[in-house]
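Raw contents of start28.txt, compact mmCIF, C-alpha atoms:
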```txt
# COMPACT_ATOMS: atom_id res chain seq x y z
CA MET A 779 5.70 -3.56 -29.86
CA LYS A 780 3.61 -1.73 -27.32
CA ALA A 781 3.55 -2.50 -23.61
CA ARG A 782 1.12 -1.47 -20.91
CA VAL A 783 2.21 -1.36 -17.31
CA HIS A 784 -0.21 -1.02 -14.41
CA VAL A 785 1.20 0.09 -11.09
CA THR A 786 -1.04 -0.35 -8.05
CA LEU A 787 -0.61 -0.07 -4.30
CA LYS A 788 -0.09 -3.36 -2.51
CA ASN A 789 -2.90 -4.79 -0.44
CA GLY A 790 -2.73 -3.44 3.07
CA VAL A 791 -1.09 -0.18 2.03
CA LEU A 792 -3.43 2.65 2.89
CA ASP A 793 -4.66 4.56 -0.17
CA PRO A 794 -6.08 7.92 0.99
CA GLN A 795 -6.49 9.11 -2.62
CA GLY A 796 -8.59 6.04 -3.46
CA LYS A 797 -10.67 6.69 -0.34
CA ALA A 798 -11.25 10.33 -1.34
CA ILE A 799 -12.30 9.25 -4.85
CA GLY A 800 -14.75 6.73 -3.33
CA HIS A 801 -16.27 9.36 -1.03
CA SER A 802 -16.71 11.77 -3.93
CA LEU A 803 -18.42 9.13 -6.06
CA ASN A 804 -20.77 8.28 -3.18
CA ARG A 805 -21.60 11.96 -2.81
CA LEU A 806 -22.22 12.31 -6.56
CA GLY A 807 -25.00 9.74 -6.44
CA PHE A 808 -23.09 6.46 -6.83
CA PRO A 809 -23.84 4.77 -3.51
CA GLU A 810 -22.94 1.36 -4.97
CA VAL A 811 -19.22 2.30 -4.93
CA GLY A 812 -17.37 0.64 -2.08
CA ASP A 813 -13.60 0.41 -1.73
CA VAL A 814 -11.61 2.33 -4.38
CA ARG A 815 -7.91 1.78 -5.10
CA GLN A 816 -6.14 4.05 -7.57
CA GLY A 817 -2.89 3.53 -9.44
CA LYS A 818 -0.87 4.41 -12.53
CA PHE A 819 -1.07 3.31 -16.13
CA ILE A 820 2.05 3.62 -18.28
CA GLU A 821 2.14 2.88 -22.01
CA LEU A 822 5.53 2.23 -23.62
CA GLU A 823 6.63 1.84 -27.24
CA LEU A 824 9.41 -0.78 -27.47
CA ALA A 825 11.94 -1.45 -30.23
CA GLU A 826 11.80 -5.20 -29.60
CA THR A 827 10.01 -8.03 -31.42
CA ASP A 828 10.70 -10.94 -29.06
CA LYS A 829 7.95 -11.11 -26.44
CA ALA A 830 9.97 -13.01 -23.83
CA LYS A 831 12.87 -10.57 -24.10
CA ALA A 832 10.52 -7.60 -23.93
CA LYS A 833 8.86 -8.99 -20.84
CA ALA A 834 12.21 -9.53 -19.08
CA ARG A 835 13.31 -5.98 -19.92
CA LEU A 836 10.01 -4.58 -18.68
CA GLU A 837 10.37 -6.47 -15.39
CA ASP A 838 13.73 -4.78 -14.97
CA MET A 839 12.25 -1.35 -15.81
CA CYS A 840 9.49 -1.84 -13.25
CA LYS A 841 11.91 -2.82 -10.51
CA LYS A 842 14.39 -0.03 -11.28
CA LEU A 843 12.06 2.89 -11.90
CA LEU A 844 8.41 2.42 -12.80
CA ALA A 845 7.26 0.93 -9.48
CA ASN A 846 8.42 1.30 -5.89
CA THR A 847 8.19 -2.30 -4.75
CA VAL A 848 8.13 -1.26 -1.10
CA ILE A 849 4.50 -0.22 -1.58
CA GLU A 850 3.53 -1.02 -5.16
CA ASN A 851 2.76 -4.03 -7.35
CA TYR A 852 3.06 -3.95 -11.11
CA SER A 853 1.59 -5.93 -13.99
CA ILE A 854 2.82 -6.03 -17.58
CA GLU A 855 0.74 -6.48 -20.69
CA LEU A 856 2.20 -6.76 -24.21
CA VAL A 857 0.09 -5.60 -27.14
CA GLY A 858 0.72 -5.95 -30.86
CA MET B 993 34.23 20.03 7.48
CA LYS B 994 34.00 19.98 3.68
CA SER B 995 30.53 19.41 2.33
CA ALA B 996 28.70 19.08 -0.97
CA ILE B 997 25.06 19.88 -1.68
CA LEU B 998 23.40 18.18 -4.63
CA VAL B 999 21.27 20.32 -6.92
CA PHE B 1000 18.56 18.82 -9.15
CA PRO B 1001 16.18 20.58 -11.51
CA GLY B 1002 13.45 21.59 -9.04
CA SER B 1003 15.55 21.63 -5.85
CA ASN B 1004 14.67 24.72 -3.81
CA ARG B 1005 16.19 24.41 -0.32
CA GLU B 1006 19.81 24.09 -1.38
CA GLY B 1007 20.47 27.74 -0.51
CA ASP B 1008 18.91 27.35 2.95
CA VAL B 1009 21.02 24.34 3.84
CA ALA B 1010 24.16 25.96 2.39
CA GLN B 1011 23.57 28.96 4.64
CA ALA B 1012 23.03 26.77 7.71
CA ILE B 1013 26.26 24.88 7.05
CA GLU B 1014 28.19 28.07 6.40
CA LEU B 1015 26.83 29.52 9.63
CA VAL B 1016 28.37 26.74 11.73
CA THR B 1017 31.50 25.97 9.67
CA GLY B 1018 32.38 29.36 8.19
CA ARG B 1019 32.83 27.47 4.95
CA ARG B 1020 30.61 27.56 1.88
CA PRO B 1021 29.61 24.06 0.72
CA GLN B 1022 30.25 22.98 -2.83
CA MET B 1023 27.14 22.83 -5.04
CA VAL B 1024 27.05 19.74 -7.26
CA TRP B 1025 24.80 19.57 -10.32
CA HIS B 1026 22.79 16.36 -10.79
CA GLY B 1027 24.44 15.53 -14.13
CA ASP B 1028 27.92 15.41 -12.60
CA GLY B 1029 29.08 11.86 -12.09
CA ASP B 1030 32.08 12.91 -10.05
CA PHE B 1031 32.90 15.68 -7.58
CA GLU B 1032 35.52 16.69 -5.04
CA LYS B 1033 36.08 14.51 -1.99
CA VAL B 1034 33.97 15.78 0.90
CA ASP B 1035 33.16 14.85 4.52
CA LEU B 1036 29.40 15.21 4.08
CA ILE B 1037 26.93 15.00 1.20
CA VAL B 1038 23.58 16.77 1.56
CA VAL B 1039 20.54 15.99 -0.60
CA PRO B 1040 18.31 19.06 -0.14
CA GLY B 1041 14.57 19.65 -0.27
CA GLY B 1042 12.45 20.78 -3.18
CA PHE B 1043 10.56 19.14 -6.02
CA SER B 1044 13.26 17.41 -8.03
CA TYR B 1045 12.08 16.63 -11.58
CA GLY B 1046 8.67 18.05 -10.68
CA ASP B 1047 7.97 15.00 -8.48
CA TYR B 1048 7.22 13.09 -11.72
CA LEU B 1049 6.30 9.41 -11.34
CA ARG B 1050 6.98 9.43 -7.57
CA CYS B 1051 8.74 11.97 -5.36
CA GLY B 1052 12.48 11.42 -5.70
CA ALA B 1053 12.17 8.56 -8.21
CA MET B 1054 13.86 10.36 -11.10
CA ALA B 1055 16.55 12.03 -9.03
CA ALA B 1056 17.46 8.68 -7.47
CA GLN B 1057 18.53 7.46 -10.92
CA SER B 1058 20.63 10.52 -11.84
CA PRO B 1059 24.41 10.25 -12.50
CA VAL B 1060 25.29 12.08 -9.29
CA MET B 1061 23.28 9.61 -7.17
CA ALA B 1062 25.24 6.67 -8.58
CA GLU B 1063 28.36 8.37 -7.20
CA VAL B 1064 26.62 9.17 -3.89
CA LYS B 1065 25.65 5.49 -3.49
CA LYS B 1066 29.27 4.48 -4.04
CA ARG B 1067 30.53 6.96 -1.45
CA ALA B 1068 27.81 6.08 1.05
CA ALA B 1069 28.91 2.45 0.77
CA GLN B 1070 32.43 3.62 1.70
CA GLY B 1071 31.01 5.33 4.78
CA VAL B 1072 30.79 8.95 3.61
CA PRO B 1073 27.91 10.54 5.60
CA VAL B 1074 24.79 11.48 3.65
CA LEU B 1075 22.01 13.76 4.93
CA GLY B 1076 18.71 13.78 3.03
CA ILE B 1077 16.18 16.46 3.97
CA CYS B 1078 12.54 16.43 2.83
CA ASN B 1079 12.70 15.73 -0.94
CA GLY B 1080 16.27 14.62 -0.18
CA PHE B 1081 14.82 12.00 2.21
CA GLN B 1082 12.50 10.84 -0.58
CA ILE B 1083 15.46 10.65 -2.98
CA VAL B 1084 17.71 8.61 -0.68
CA THR B 1085 14.91 6.12 0.08
CA GLU B 1086 14.17 5.77 -3.66
CA ALA B 1087 17.91 5.24 -4.19
CA GLY B 1088 17.84 2.42 -1.62
CA LEU B 1089 20.17 4.14 0.86
CA LEU B 1090 17.45 4.04 3.51
CA PRO B 1091 14.61 1.56 4.07
CA GLY B 1092 10.93 2.38 3.57
CA THR B 1093 9.32 5.11 1.53
CA LEU B 1094 7.40 8.39 1.85
CA MET B 1095 3.77 8.29 0.79
CA ARG B 1096 1.12 10.97 0.29
CA ASN B 1097 0.12 12.58 3.62
CA SER B 1098 -2.81 10.62 5.06
CA HIS B 1099 -5.04 13.74 5.01
CA LEU B 1100 -3.99 14.47 1.38
CA LYS B 1101 -3.04 18.08 2.16
CA PHE B 1102 0.26 19.88 1.92
CA VAL B 1103 1.41 20.62 5.46
CA CYS B 1104 3.54 23.67 6.26
CA ALA B 1105 3.93 24.14 10.02
CA ASP B 1106 6.28 24.03 12.97
CA VAL B 1107 6.30 20.55 14.48
CA HIS B 1108 7.83 19.02 17.59
CA LEU B 1109 10.27 16.16 17.29
CA LYS B 1110 11.52 13.75 19.90
CA VAL B 1111 15.19 12.95 19.44
CA GLU B 1112 15.43 9.17 19.76
CA THR B 1113 19.19 8.87 20.20
CA SER B 1114 22.24 11.05 20.69
CA GLN B 1115 24.47 8.21 19.49
CA SER B 1116 25.07 9.34 15.91
CA LEU B 1117 27.20 11.87 14.09
CA PHE B 1118 24.01 13.79 13.28
CA THR B 1119 22.39 13.89 16.73
CA ASN B 1120 25.31 14.00 19.19
CA ARG B 1121 24.49 17.58 20.23
CA TYR B 1122 21.05 16.52 21.44
CA GLN B 1123 19.96 14.37 24.38
CA ALA B 1124 17.94 11.21 23.82
CA GLY B 1125 14.33 12.14 24.57
CA GLN B 1126 14.88 15.86 23.98
CA VAL B 1127 12.05 17.70 22.21
CA ILE B 1128 12.98 20.14 19.45
CA LYS B 1129 10.82 22.44 17.30
CA VAL B 1130 11.46 22.65 13.54
CA PRO B 1131 9.28 23.30 10.50
CA VAL B 1132 7.92 20.81 7.95
CA ALA B 1133 6.69 21.62 4.43
CA HIS B 1134 5.56 18.65 2.37
CA ALA B 1135 2.69 16.72 0.80
CA GLU B 1136 4.42 13.32 0.76
CA GLY B 1137 5.94 12.77 4.18
CA ASN B 1138 3.96 9.78 5.34
CA TYR B 1139 6.68 7.27 6.22
CA PHE B 1140 5.84 3.67 5.43
CA ALA B 1141 7.75 0.40 5.71
CA ASP B 1142 6.52 -3.19 5.95
CA ALA B 1143 6.14 -4.82 9.38
CA ASP B 1144 9.48 -6.67 9.22
CA THR B 1145 11.36 -3.50 8.31
CA MET B 1146 9.60 -1.53 11.06
CA LYS B 1147 10.63 -4.11 13.62
CA LYS B 1148 14.25 -4.02 12.42
CA LEU B 1149 14.29 -0.21 12.58
CA GLU B 1150 13.05 -0.30 16.18
CA ASP B 1151 15.35 -3.15 17.27
CA ARG B 1152 18.48 -1.62 15.75
CA GLY B 1153 17.76 1.92 16.99
CA GLN B 1154 17.53 3.29 13.45
CA ILE B 1155 14.76 5.76 14.23
CA ALA B 1156 16.30 9.21 14.59
CA PHE B 1157 13.29 11.48 15.21
CA ARG B 1158 9.59 11.00 15.93
CA TYR B 1159 6.82 13.58 15.68
CA CYS B 1160 5.47 14.35 19.14
CA ALA B 1161 3.37 16.76 21.21
CA PRO B 1162 5.22 19.76 22.75
CA ASP B 1163 5.59 17.76 25.99
CA GLY B 1164 7.24 14.86 24.16
CA THR B 1165 4.24 12.52 24.05
CA VAL B 1166 4.36 10.44 20.88
CA ASP B 1167 0.79 9.96 19.68
CA GLY B 1168 -1.55 10.87 16.82
CA ARG B 1169 -1.87 14.51 17.91
CA GLY B 1170 1.71 15.39 17.06
CA ASN B 1171 1.76 13.44 13.79
CA PRO B 1172 1.38 15.87 10.84
CA ASN B 1173 1.18 13.35 7.99
CA GLY B 1174 0.17 9.87 9.17
CA SER B 1175 3.71 8.45 9.37
CA SER B 1176 4.01 4.92 10.77
CA SER B 1177 5.06 5.04 14.43
CA ASN B 1178 5.31 8.86 14.08
CA ILE B 1179 8.61 8.49 12.23
CA ALA B 1180 10.10 11.81 11.09
CA GLY B 1181 13.64 10.58 10.36
CA VAL B 1182 15.57 7.32 10.04
CA PHE B 1183 19.20 6.17 9.87
CA ASN B 1184 20.74 3.41 7.81
CA GLU B 1185 22.21 0.49 9.78
CA THR B 1186 25.59 2.18 10.30
CA LYS B 1187 23.98 5.53 11.13
CA THR B 1188 26.04 7.28 8.46
CA VAL B 1189 22.96 8.10 6.38
CA LEU B 1190 20.13 10.16 7.88
CA GLY B 1191 16.90 11.07 6.12
CA LEU B 1192 14.26 13.33 7.67
CA MET B 1193 11.19 15.21 6.46
CA PRO B 1194 11.49 18.30 8.74
CA HIS B 1195 13.80 21.18 7.85
CA PRO B 1196 16.47 21.74 10.55
CA GLU B 1197 18.18 24.16 8.13
CA ASN B 1198 15.21 26.49 8.57
CA ALA B 1199 15.58 26.59 12.36
CA VAL B 1200 19.09 27.99 12.84
CA GLU B 1201 18.48 31.72 13.40
CA PRO B 1202 16.40 33.26 16.24
CA MET B 1203 14.77 35.78 13.90
CA PHE B 1204 13.33 32.94 11.82
CA GLY B 1205 11.43 31.31 14.65
CA GLY B 1206 13.98 29.23 16.50
CA THR B 1207 17.40 27.63 16.61
CA ASP B 1208 16.56 24.03 17.51
CA GLY B 1209 17.84 22.74 14.16
CA ARG B 1210 21.26 24.20 14.69
CA GLY B 1211 22.40 21.33 16.92
CA LEU B 1212 22.23 18.95 13.99
CA PHE B 1213 24.72 21.01 11.98
CA GLU B 1214 26.97 21.72 15.00
CA GLY B 1215 26.97 18.03 15.88
CA MET B 1216 28.04 17.07 12.37
CA VAL B 1217 30.84 19.62 12.40
CA GLU B 1218 32.09 18.26 15.70
CA ALA B 1219 31.96 14.67 14.45
CA LEU B 1220 33.41 15.30 11.00
CA SER B 1221 36.08 17.97 11.47
```

Could you quickly redo this structure as structure tokens?
Amino acid sequence: MKARVHVTLKNGVLDPQGKAIGHSLNRLGFPEVGDVRQGKFIELELAETDKAKAKARLEDMCKKLLANTVIENYSIELVG
Amino acid sequence: MKSAILVFPGSNREGDVAQAIELVTGRRPQMVWHGDGDFEKVDLIVVPGGFSYGDYLRCGAMAAQSPVMAEVKKRAAQGVPVLGICNGFQIVTEAGLLPGTLMRNSHLKFVCADVHLKVETSQSLFTNRYQAGQVIKVPVAHAEGNYFADADTMKKLEDRGQIAFRYCAPDGTVDGRGNPNGSSSNIAGVFNETKTVLGLMPHPENAVEPMFGGTDGRGLFEGMVEALS
């Protein structure tokens, strides 16, 4: 099964990279762009067929390595 | 004082810190490769600067999970002093030995410059050679040195005196002017609760010889020798 993990900065944590991206888009002729927050997208191939088990293992992976929960949130999506 | 310096793929200041320690102890530290789960008993463990594992995922994230760090965590829990410098600071926070984390500099640029630091306390094995309030000049070289912790953690750090160094102006004023990276409350270095673990972004090991721009970092190494020998 395939899993997709999104890692994003928590609300309230300053995101200077997101800000810089927003400014650049404004300058490139996209004045409709307001606040921009950037993050990471991680796709994993799992040797597991049970969705509940996979989800629990992914939670553990996020807490141990994929996200730094001091500043980041994560969300898990299972596909196929 | 017997010491060990951890070496990860991508470390690059291990030689500098080894030289600084040898200068004050006359003894060459042991270099320990990241894959080694066990190493000789020592009085001090140093996690040096660099770009361990190419800063993949997050600075220090990979190194924090290496076999050698599992052993370092065990020893730190037994009270063995640990000093994390620059990338080493990022590694020990990722490993959970210190609170908070180091984020991208607020201006998004790599900063390589001499900075001034206010020593917050002399009451630790790392800072006993300095006076509280003393201003020292040491270099920084990093892109992710922006210290961040949530409001509760920040309050605990302040209340328990866990802040070791703050960025400041040459006259000791702590404000935005002396802050090179956007760190919360100008934090340049923090202790754990027992003050046996210190992490800092600046490089005291690069301020130990007059011909390299100053000797203000030397006190940190001399203080450790005094406390640990």

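Distance-wise, atom CA of B:Ala1124 and atom CA of B:Leu1094 end up 24.5 Å apart.
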
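Our summary of the geometry notes that atom CA of B:Asn1120 is positioned 14.6 Å from atom CA of B:Leu1075.
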
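Comparing the minimum interatomic distances between chain A and each of B:Gly1092, B:Gly1007, B:Pro1073, B:Pro1040, counting all atoms listed in the file, we find that B:Gly1092 sits nearest.
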
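Within 7 Å of chain B, and using all atoms listed in the file, the residues found on chain A are Pro794, Leu843 and Val848 of chain A.
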
Top pick for closest residue to A:Thr827, considering A:Gly858, A:Gly807, A:Leu844, A:Asp793 and counting all atoms listed in the file
A:Gly858

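Our summary of the geometry notes that atom CA of B:Leu998 is positioned 21.8 Å from atom CA of B:Thr1119.
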
Counting only C-alpha atoms, the option among B:Cys1051, B:Val1024, B:Met1216, B:Leu1036 closest to B:Gln1115:
B:Met1216
